[in-house]
Amino acid sequence: MFETDRRNFLRCMAWAGAGVVWTVSGGVLSSRALAKAALKPSDFHFVQISDTHIGFDKEANPDPVATAREAIGRINALSVRPELVLHTGDLTHTQKPAQFDTAAGLLQELNTGAVFTVPGEHDVFDDDGREYLARFGKGSTGDGWRSFDSHGVHFAGLVNVLSFKTGGVGTLGADQLAWLEKDLATQSASTPIVVFTHIPLWAVFPEWGWVTSDGQQALSQLRRFGSVTVLNGHIHQVLQKVEGHVTFHTAYSTAYPQPAPGTAAGPGPLKVPAEELRAHLGVREVSFRATDGALAITDSKLG
Amino acid sequence: MNPNKNRLASFLVLALAAAVRIKDFKFDPATLEVAAGETVTWTNGDDEIHALVANDGSFHSGGLDGDATFAHTFTAPGTYPYRCTLHPQMSGTIVVH
């Protein structure tokens, strides 16, 4: 089993192209063409959107409102309306009230049953999350942590960007870990778990801060579950990894790309020719097949 | 007053002042030594915002967008480590004599 996981781990570190469905069943991840996915409207569908960075105005994308709106158009044009949409943080670029207003307005344009968010560090760095929590914290506990159930799947939204309360960006903190342990204790090991948070829980590239320092403590709490899917944003590119029954997926931004780990002097906005920008932005659809609980993940580029 | 003279004077003051440039998610120089009473000016040379905060809380810049500057006058001798609240890999030190 360990060797199988290792092989999958190596295979799945590759960059994902558009229209590839990753299917997870019993912890083994495989990819196949979208047309063969055989998903039905009766399956449970939801969408992840991330890193809208409303307020960003530099060369890498002078109009992130336009690209966010294109992403929302894509979601609203899906053949099956998603039950819910998760936004995994950095709604805004510099957490200005007007940026939050615009972001909230954009999310209202989504044709979906419910929208859940977690903050990115850009949403909270200047006021320790007060403005974000006042606007988007409804229904959450602690500093914006939340859990809920939908169609037999248990969701946990974690906050790992509040530097003052947790000891630094990329930290969950002891209080949140205690809350998570209590929350997961009520779930059976056969319940599919979806964890969504801004910064990757696994060490993607610590040199650029692409890591959650106490992420392993959360993952050890998740180990007993048969199917765990961890969705995050922050690094503006799609990466996948499998570790036992846990699959990790980082998401595209709708605003601008960032360089692959270690390929630039720093993780700043990656400038690409304007006509190529949309090939670096995207949204993610996640489907749970009702018949056998298989999970399919589709990352679609905007262009 | 000759406005050009004023401009030149401003330029000289800026050129001589203690300065830290932020580029590629690094503070340059990482450690800067100044005399008490001197003002240090940080300039963000990245397209990403940064937000400086002293480890002891004695100064903080708020969000510093690309090309924006932040200045702080250090009155008391000591060592002032600081970091970027957005990017945990970024840290620097101001030593005041």
# chains A, B, ... in the order shown; residues from 1 in each chain; ligands from 1
$ closest_atom_pairs --of "chain A" --to "chain B" --cutoff "6 Å" --atoms "only C-alpha atoms" --output "tab-separated table"
residue	atom	partner	partner_atom	distance
A:Asp126	CA	B:Gly62	CA	6.0
A:Gly209	CA	B:Gln89	CA	5.8
A:Ala265	CA	B:Asp24	CA	5.7
A:Gly266	CA	B:Asp24	CA	4.9
A:Gly268	CA	B:Glu48	CA	5.8
$ residues_around --residues "Thr93 in chain B" --least-positions-apart "6" --cutoff "7 Å" --atoms "only C-alpha atoms" --output "number ranges by chain"
B: 30-32, 79-82
$ select_by_dssp --residues "range 39-254 of chain A" --states "alpha helix (DSSP H)" --output "JSON list (two decimals) with C-alpha atoms, in the first residue's frame"
[["chain", "number", "residue", "atom", "x", "y", "z"],
["A", 64, "PRO", "CA", -9.00, 41.33, -11.83],
["A", 65, "VAL", "CA", -12.72, 42.21, -11.57],
["A", 66, "ALA", "CA", -13.13, 41.32, -15.24],
["A", 67, "THR", "CA", -11.37, 37.96, -14.90],
["A", 68, "ALA", "CA", -13.27, 37.13, -11.69],
["A", 69, "ARG", "CA", -16.49, 37.88, -13.56],
["A", 70, "GLU", "CA", -15.39, 35.58, -16.38],
["A", 71, "ALA", "CA", -14.76, 32.83, -13.82],
["A", 72, "ILE", "CA", -18.22, 33.38, -12.36],
["A", 73, "GLY", "CA", -19.68, 33.24, -15.87],
["A", 74, "ARG", "CA", -18.02, 29.84, -16.31],
["A", 75, "ILE", "CA", -19.51, 28.58, -13.08],
["A", 76, "ASN", "CA", -22.97, 29.89, -13.93],
["A", 97, "PRO", "CA", -13.73, 48.28, 2.33],
["A", 98, "ALA", "CA", -14.44, 49.07, -1.34],
["A", 99, "GLN", "CA", -12.56, 45.92, -2.38],
["A", 100, "PHE", "CA", -14.64, 43.82, 0.04],
["A", 101, "ASP", "CA", -17.78, 45.48, -1.37],
["A", 102, "THR", "CA", -16.79, 44.52, -4.91],
["A", 103, "ALA", "CA", -15.83, 40.97, -3.91],
["A", 104, "ALA", "CA", -19.12, 40.46, -2.05],
["A", 105, "GLY", "CA", -21.05, 41.79, -5.03],
["A", 106, "LEU", "CA", -19.25, 39.38, -7.37],
["A", 107, "LEU", "CA", -20.00, 36.39, -5.13],
["A", 108, "GLN", "CA", -23.67, 37.36, -5.20],
["A", 121, "GLU", "CA", -3.53, 36.86, 4.35],
["A", 122, "HIS", "CA", -4.38, 39.74, 1.99],
["A", 123, "ASP", "CA", -7.85, 39.93, 3.59],
["A", 124, "VAL", "CA", -6.63, 40.21, 7.18],
["A", 130, "ARG", "CA", -11.87, 42.34, 11.90],
["A", 131, "GLU", "CA", -13.29, 43.67, 8.63],
["A", 132, "TYR", "CA", -13.28, 40.25, 6.98],
["A", 133, "LEU", "CA", -15.03, 38.57, 9.92],
["A", 134, "ALA", "CA", -17.64, 41.33, 10.16],
["A", 135, "ARG", "CA", -18.53, 40.77, 6.51],
["A", 136, "PHE", "CA", -17.93, 37.07, 5.86],
["A", 163, "SER", "CA", -0.53, 36.12, 12.24],
["A", 164, "PHE", "CA", -1.16, 37.84, 15.55],
["A", 165, "LYS", "CA", -3.36, 35.18, 17.12],
["A", 166, "THR", "CA", -1.58, 32.13, 15.77],
["A", 174, "ALA", "CA", -3.65, 25.55, 19.18],
["A", 175, "ASP", "CA", -7.22, 26.85, 19.65],
["A", 176, "GLN", "CA", -8.27, 26.01, 16.11],
["A", 177, "LEU", "CA", -6.59, 22.58, 16.22],
["A", 178, "ALA", "CA", -8.51, 21.81, 19.43],
["A", 179, "TRP", "CA", -11.74, 22.93, 17.76],
["A", 180, "LEU", "CA", -11.01, 20.77, 14.70],
["A", 181, "GLU", "CA", -10.30, 17.70, 16.81],
["A", 182, "LYS", "CA", -13.63, 18.13, 18.58],
["A", 183, "ASP", "CA", -15.44, 18.72, 15.29],
["A", 184, "LEU", "CA", -13.99, 15.63, 13.61],
["A", 185, "ALA", "CA", -14.65, 13.44, 16.64],
["A", 215, "GLY", "CA", -0.47, 21.60, 9.20],
["A", 216, "GLN", "CA", 0.81, 18.13, 10.12],
["A", 217, "GLN", "CA", -1.14, 18.29, 13.39],
["A", 218, "ALA", "CA", -4.36, 18.82, 11.44],
["A", 219, "LEU", "CA", -3.44, 16.04, 9.02],
["A", 220, "SER", "CA", -2.79, 13.60, 11.86],
["A", 221, "GLN", "CA", -6.38, 14.24, 13.02],
["A", 222, "LEU", "CA", -7.61, 13.44, 9.50]]
$ residues_around --residues "Pro200 in chain A" --least-positions-apart "2" --cutoff "12 Å" --atoms "only C-alpha atoms" --output "PyMOL selection string"
chain A and resi 88-89+120+158-161+169-172+195-198+202-206+208-216+218-219+230-241+247-251
$ write_last_selection --atoms "C-alpha atoms" --output "mmCIF file, in the first residue's frame"
data_model
loop_
_atom_site.group_PDB
_atom_site.id
_atom_site.type_symbol
_atom_site.label_atom_id
_atom_site.label_comp_id
_atom_site.auth_asym_id
_atom_site.auth_seq_id
_atom_site.Cartn_x
_atom_site.Cartn_y
_atom_site.Cartn_z
ATOM 1 C CA THR A 88 -10.402 29.834 -0.553
ATOM 2 C CA GLY A 89 -9.192 33.310 0.286
ATOM 3 C CA GLY A 120 -6.322 34.805 2.778
ATOM 4 C CA LEU A 158 -9.770 26.452 8.373
ATOM 5 C CA VAL A 159 -8.050 29.824 8.850
ATOM 6 C CA ASN A 160 -4.242 29.795 8.624
ATOM 7 C CA VAL A 161 -3.478 33.455 7.907
ATOM 8 C CA VAL A 169 1.156 33.527 8.558
ATOM 9 C CA GLY A 170 0.834 29.838 7.736
ATOM 10 C CA THR A 171 -0.302 28.727 11.208
ATOM 11 C CA LEU A 172 -3.577 27.236 12.438
ATOM 12 C CA VAL A 195 -10.946 20.593 4.221
ATOM 13 C CA PHE A 196 -10.646 24.037 2.645
ATOM 14 C CA THR A 197 -8.136 26.664 3.686
ATOM 15 C CA HIS A 198 -6.025 29.380 2.061
ATOM 16 C CA TRP A 202 1.471 20.556 3.153
ATOM 17 C CA ALA A 203 4.957 21.954 2.606
ATOM 18 C CA VAL A 204 4.772 23.048 -1.051
ATOM 19 C CA PHE A 205 7.744 25.417 -0.801
ATOM 20 C CA PRO A 206 8.593 26.703 2.695
ATOM 21 C CA TRP A 208 8.423 31.150 -0.126
ATOM 22 C CA GLY A 209 6.157 30.669 2.868
ATOM 23 C CA TRP A 210 4.046 28.106 1.001
ATOM 24 C CA VAL A 211 3.501 25.943 4.068
ATOM 25 C CA THR A 212 1.337 25.700 7.184
ATOM 26 C CA SER A 213 3.751 25.238 10.075
ATOM 27 C CA ASP A 214 1.345 23.146 12.180
ATOM 28 C CA GLY A 215 -0.468 21.600 9.203
ATOM 29 C CA GLN A 216 0.808 18.130 10.116
ATOM 30 C CA ALA A 218 -4.357 18.825 11.442
ATOM 31 C CA LEU A 219 -3.435 16.037 9.023
ATOM 32 C CA VAL A 230 -7.740 19.257 1.032
ATOM 33 C CA LEU A 231 -8.446 22.291 -1.152
ATOM 34 C CA ASN A 232 -6.428 25.481 -0.944
ATOM 35 C CA GLY A 233 -5.403 28.596 -2.859
ATOM 36 C CA HIS A 234 -2.517 31.009 -2.156
ATOM 37 C CA ILE A 235 -0.019 29.814 -4.766
ATOM 38 C CA HIS A 236 -2.083 30.669 -7.885
ATOM 39 C CA GLN A 237 -1.354 27.416 -9.693
ATOM 40 C CA VAL A 238 -2.636 23.846 -9.737
ATOM 41 C CA LEU A 239 -0.620 21.189 -7.914
ATOM 42 C CA GLN A 240 -1.806 17.818 -6.663
ATOM 43 C CA LYS A 241 -0.417 15.337 -4.191
ATOM 44 C CA THR A 247 -5.404 14.225 -1.541
ATOM 45 C CA PHE A 248 -4.145 17.801 -1.746
ATOM 46 C CA HIS A 249 -5.172 20.248 -4.455
ATOM 47 C CA THR A 250 -3.967 23.820 -4.869
ATOM 48 C CA ALA A 251 -6.139 26.022 -7.109
#
$ residues_around --residues "Thr41 in chain B" --least-positions-apart "3" --cutoff "7 Å" --atoms "only C-alpha atoms" --output "list in words"
Ala18, Ala19, Val20, Thr69, Phe70, Ala71 and His72 of chain B
$ closest_residue --among "B:Ser91, B:Thr39, B:Asn55, B:Asn44" --to "Ala76 in chain B" --atoms "only C-alpha atoms"
B:Thr39
$ select_by_dssp --residues "range 121-255 of chain A" --states "strand (DSSP E or B)" --output "number ranges by chain"
A: 141, 145-150, 153-157, 193-197, 205, 210, 228-232, 239-243, 246-250
$ write_last_selection --atoms "N, CA and C atoms" --output "mmCIF file, in the first residue's frame"
data_model
loop_
_atom_site.group_PDB
_atom_site.id
_atom_site.type_symbol
_atom_site.label_atom_id
_atom_site.label_comp_id
_atom_site.auth_asym_id
_atom_site.auth_seq_id
_atom_site.Cartn_x
_atom_site.Cartn_y
_atom_site.Cartn_z
ATOM 1 N N THR A 141 -17.139 29.999 13.712
ATOM 2 C CA THR A 141 -16.768 30.100 15.121
ATOM 3 C C THR A 141 -15.310 30.538 15.216
ATOM 4 N N TRP A 145 -13.332 29.939 11.635
ATOM 5 C CA TRP A 145 -13.357 28.504 11.348
ATOM 6 C C TRP A 145 -14.810 28.095 11.171
ATOM 7 N N ARG A 146 -15.062 27.141 10.306
ATOM 8 C CA ARG A 146 -16.438 26.694 10.117
ATOM 9 C C ARG A 146 -16.480 25.236 9.684
ATOM 10 N N SER A 147 -17.561 24.561 10.042
ATOM 11 C CA SER A 147 -17.785 23.215 9.522
ATOM 12 C C SER A 147 -19.258 23.061 9.215
ATOM 13 N N PHE A 148 -19.557 22.221 8.244
ATOM 14 C CA PHE A 148 -20.946 21.962 7.871
ATOM 15 C C PHE A 148 -20.995 20.661 7.071
ATOM 16 N N ASP A 149 -22.212 20.151 6.907
ATOM 17 C CA ASP A 149 -22.399 18.911 6.158
ATOM 18 C C ASP A 149 -23.280 19.170 4.951
ATOM 19 N N SER A 150 -22.962 18.511 3.859
ATOM 20 C CA SER A 150 -23.795 18.614 2.668
ATOM 21 C C SER A 150 -23.691 17.299 1.904
ATOM 22 N N VAL A 153 -21.198 14.674 2.866
ATOM 23 C CA VAL A 153 -19.787 15.088 2.935
ATOM 24 C C VAL A 153 -19.637 16.091 4.083
ATOM 25 N N HIS A 154 -18.593 15.927 4.884
ATOM 26 C CA HIS A 154 -18.336 16.869 5.972
ATOM 27 C C HIS A 154 -17.261 17.864 5.523
ATOM 28 N N PHE A 155 -17.573 19.151 5.646
ATOM 29 C CA PHE A 155 -16.660 20.217 5.247
ATOM 30 C C PHE A 155 -16.086 20.905 6.481
ATOM 31 N N ALA A 156 -14.784 21.211 6.439
ATOM 32 C CA ALA A 156 -14.156 22.016 7.485
ATOM 33 C C ALA A 156 -13.359 23.135 6.833
ATOM 34 N N GLY A 157 -13.737 24.386 7.127
ATOM 35 C CA GLY A 157 -13.016 25.551 6.615
ATOM 36 C C GLY A 157 -12.072 26.078 7.680
ATOM 37 N N ILE A 193 -14.394 13.651 3.858
ATOM 38 C CA ILE A 193 -14.071 14.941 4.484
ATOM 39 C C ILE A 193 -13.468 15.869 3.428
ATOM 40 N N VAL A 194 -13.945 17.099 3.387
ATOM 41 C CA VAL A 194 -13.320 18.132 2.553
ATOM 42 C C VAL A 194 -12.826 19.248 3.470
ATOM 43 N N VAL A 195 -11.536 19.495 3.458
ATOM 44 C CA VAL A 195 -10.946 20.593 4.221
ATOM 45 C C VAL A 195 -10.605 21.703 3.235
ATOM 46 N N PHE A 196 -11.040 22.922 3.521
ATOM 47 C CA PHE A 196 -10.646 24.037 2.645
ATOM 48 C C PHE A 196 -10.024 25.144 3.483
ATOM 49 N N THR A 197 -8.917 25.656 2.969
ATOM 50 C CA THR A 197 -8.136 26.664 3.686
ATOM 51 C C THR A 197 -7.280 27.416 2.670
ATOM 52 N N PHE A 205 6.450 24.766 -0.621
ATOM 53 C CA PHE A 205 7.744 25.417 -0.801
ATOM 54 C C PHE A 205 7.956 26.395 0.360
ATOM 55 N N TRP A 210 5.149 28.927 1.497
ATOM 56 C CA TRP A 210 4.046 28.106 1.001
ATOM 57 C C TRP A 210 3.927 26.848 1.856
ATOM 58 N N VAL A 228 -10.160 11.950 2.348
ATOM 59 C CA VAL A 228 -9.950 13.342 2.760
ATOM 60 C C VAL A 228 -9.447 14.138 1.558
ATOM 61 N N THR A 229 -10.101 15.250 1.282
ATOM 62 C CA THR A 229 -9.710 16.119 0.168
ATOM 63 C C THR A 229 -9.377 17.496 0.735
ATOM 64 N N VAL A 230 -8.176 17.959 0.509
ATOM 65 C CA VAL A 230 -7.740 19.257 1.032
ATOM 66 C C VAL A 230 -7.623 20.240 -0.135
ATOM 67 N N LEU A 231 -8.427 21.291 -0.085
ATOM 68 C CA LEU A 231 -8.446 22.291 -1.152
ATOM 69 C C LEU A 231 -7.864 23.599 -0.633
ATOM 70 N N ASN A 232 -6.943 24.188 -1.378
ATOM 71 C CA ASN A 232 -6.428 25.481 -0.944
ATOM 72 C C ASN A 232 -6.104 26.359 -2.134
ATOM 73 N N LEU A 239 -1.530 22.268 -8.291
ATOM 74 C CA LEU A 239 -0.620 21.189 -7.914
ATOM 75 C C LEU A 239 -1.444 20.134 -7.188
ATOM 76 N N GLN A 240 -1.102 18.881 -7.384
ATOM 77 C CA GLN A 240 -1.806 17.818 -6.663
ATOM 78 C C GLN A 240 -0.818 16.879 -6.004
ATOM 79 N N LYS A 241 -1.246 16.298 -4.904
ATOM 80 C CA LYS A 241 -0.417 15.337 -4.191
ATOM 81 C C LYS A 241 -1.329 14.359 -3.470
ATOM 82 N N VAL A 242 -0.904 13.112 -3.367
ATOM 83 C CA VAL A 242 -1.656 12.112 -2.616
ATOM 84 C C VAL A 242 -0.773 11.597 -1.492
ATOM 85 N N GLU A 243 -1.353 11.486 -0.310
ATOM 86 C CA GLU A 243 -0.624 10.955 0.832
ATOM 87 C C GLU A 243 -1.595 10.065 1.598
ATOM 88 N N VAL A 246 -5.381 10.888 1.822
ATOM 89 C CA VAL A 246 -5.531 12.339 1.753
ATOM 90 C C VAL A 246 -5.023 12.834 0.391
ATOM 91 N N THR A 247 -5.862 13.591 -0.305
ATOM 92 C CA THR A 247 -5.404 14.225 -1.541
ATOM 93 C C THR A 247 -5.380 15.736 -1.360
ATOM 94 N N PHE A 248 -4.346 16.354 -1.876
ATOM 95 C CA PHE A 248 -4.145 17.801 -1.746
ATOM 96 C C PHE A 248 -4.270 18.444 -3.120
ATOM 97 N N HIS A 249 -4.985 19.554 -3.182
ATOM 98 C CA HIS A 249 -5.172 20.248 -4.455
ATOM 99 C C HIS A 249 -5.027 21.746 -4.246
ATOM 100 N N THR A 250 -4.033 22.356 -4.872
ATOM 101 C CA THR A 250 -3.967 23.820 -4.869
ATOM 102 C C THR A 250 -4.707 24.318 -6.120
#
$ atom_distance --atom1 "CA of Thr73 in chain B" --atom2 "CA of Val40 in chain B"
6.2 Å
$ closest_residue --among "A:Val272, A:Ala279, A:Ala255, A:Leu295" --to "Thr52 in chain A" --atoms "only C-alpha atoms"
A:Ala255
$ decode --residues "range 66-114 of chain A" --atoms "C-alpha atoms" --output "PDB file, in the first residue's frame"
ATOM      1  CA  ALA A  66     -13.129  41.323 -15.239  1.00  0.00           C
ATOM      2  CA  THR A  67     -11.365  37.963 -14.900  1.00  0.00           C
ATOM      3  CA  ALA A  68     -13.273  37.133 -11.691  1.00  0.00           C
ATOM      4  CA  ARG A  69     -16.489  37.885 -13.556  1.00  0.00           C
ATOM      5  CA  GLU A  70     -15.394  35.576 -16.384  1.00  0.00           C
ATOM      6  CA  ALA A  71     -14.764  32.832 -13.822  1.00  0.00           C
ATOM      7  CA  ILE A  72     -18.224  33.382 -12.356  1.00  0.00           C
ATOM      8  CA  GLY A  73     -19.682  33.245 -15.872  1.00  0.00           C
ATOM      9  CA  ARG A  74     -18.023  29.845 -16.311  1.00  0.00           C
ATOM     10  CA  ILE A  75     -19.514  28.576 -13.077  1.00  0.00           C
ATOM     11  CA  ASN A  76     -22.972  29.890 -13.933  1.00  0.00           C
ATOM     12  CA  ALA A  77     -22.742  28.167 -17.331  1.00  0.00           C
ATOM     13  CA  LEU A  78     -22.027  24.700 -15.868  1.00  0.00           C
ATOM     14  CA  SER A  79     -24.487  22.055 -17.033  1.00  0.00           C
ATOM     15  CA  VAL A  80     -25.347  21.275 -13.421  1.00  0.00           C
ATOM     16  CA  ARG A  81     -25.785  24.099 -10.930  1.00  0.00           C
ATOM     17  CA  PRO A  82     -23.252  23.622  -8.121  1.00  0.00           C
ATOM     18  CA  GLU A  83     -24.780  23.049  -4.679  1.00  0.00           C
ATOM     19  CA  LEU A  84     -22.223  25.362  -3.139  1.00  0.00           C
ATOM     20  CA  VAL A  85     -19.148  27.452  -3.930  1.00  0.00           C
ATOM     21  CA  LEU A  86     -16.043  27.649  -1.744  1.00  0.00           C
ATOM     22  CA  HIS A  87     -13.798  30.734  -1.996  1.00  0.00           C
ATOM     23  CA  THR A  88     -10.402  29.834  -0.553  1.00  0.00           C
ATOM     24  CA  GLY A  89      -9.192  33.310   0.286  1.00  0.00           C
ATOM     25  CA  ASP A  90      -7.542  36.504  -0.891  1.00  0.00           C
ATOM     26  CA  LEU A  91     -10.913  37.856  -1.911  1.00  0.00           C
ATOM     27  CA  THR A  92      -9.221  41.268  -1.859  1.00  0.00           C
ATOM     28  CA  HIS A  93      -5.679  42.463  -2.477  1.00  0.00           C
ATOM     29  CA  THR A  94      -5.314  45.043   0.297  1.00  0.00           C
ATOM     30  CA  GLN A  95      -8.492  44.515   2.383  1.00  0.00           C
ATOM     31  CA  LYS A  96      -9.969  47.937   1.637  1.00  0.00           C
ATOM     32  CA  PRO A  97     -13.731  48.276   2.334  1.00  0.00           C
ATOM     33  CA  ALA A  98     -14.439  49.068  -1.338  1.00  0.00           C
ATOM     34  CA  GLN A  99     -12.562  45.917  -2.377  1.00  0.00           C
ATOM     35  CA  PHE A 100     -14.636  43.817   0.037  1.00  0.00           C
ATOM     36  CA  ASP A 101     -17.779  45.482  -1.372  1.00  0.00           C
ATOM     37  CA  THR A 102     -16.792  44.519  -4.915  1.00  0.00           C
ATOM     38  CA  ALA A 103     -15.835  40.965  -3.915  1.00  0.00           C
ATOM     39  CA  ALA A 104     -19.115  40.456  -2.046  1.00  0.00           C
ATOM     40  CA  GLY A 105     -21.051  41.787  -5.033  1.00  0.00           C
ATOM     41  CA  LEU A 106     -19.251  39.376  -7.370  1.00  0.00           C
ATOM     42  CA  LEU A 107     -19.997  36.390  -5.126  1.00  0.00           C
ATOM     43  CA  GLN A 108     -23.668  37.362  -5.199  1.00  0.00           C
ATOM     44  CA  GLU A 109     -23.633  36.882  -8.973  1.00  0.00           C
ATOM     45  CA  LEU A 110     -22.953  33.151  -8.486  1.00  0.00           C
ATOM     46  CA  ASN A 111     -25.790  30.820  -9.368  1.00  0.00           C
ATOM     47  CA  THR A 112     -25.427  28.419  -6.447  1.00  0.00           C
ATOM     48  CA  GLY A 113     -27.102  27.357  -3.219  1.00  0.00           C
ATOM     49  CA  ALA A 114     -24.525  28.751  -0.790  1.00  0.00           C
TER      50      ALA A 114
END
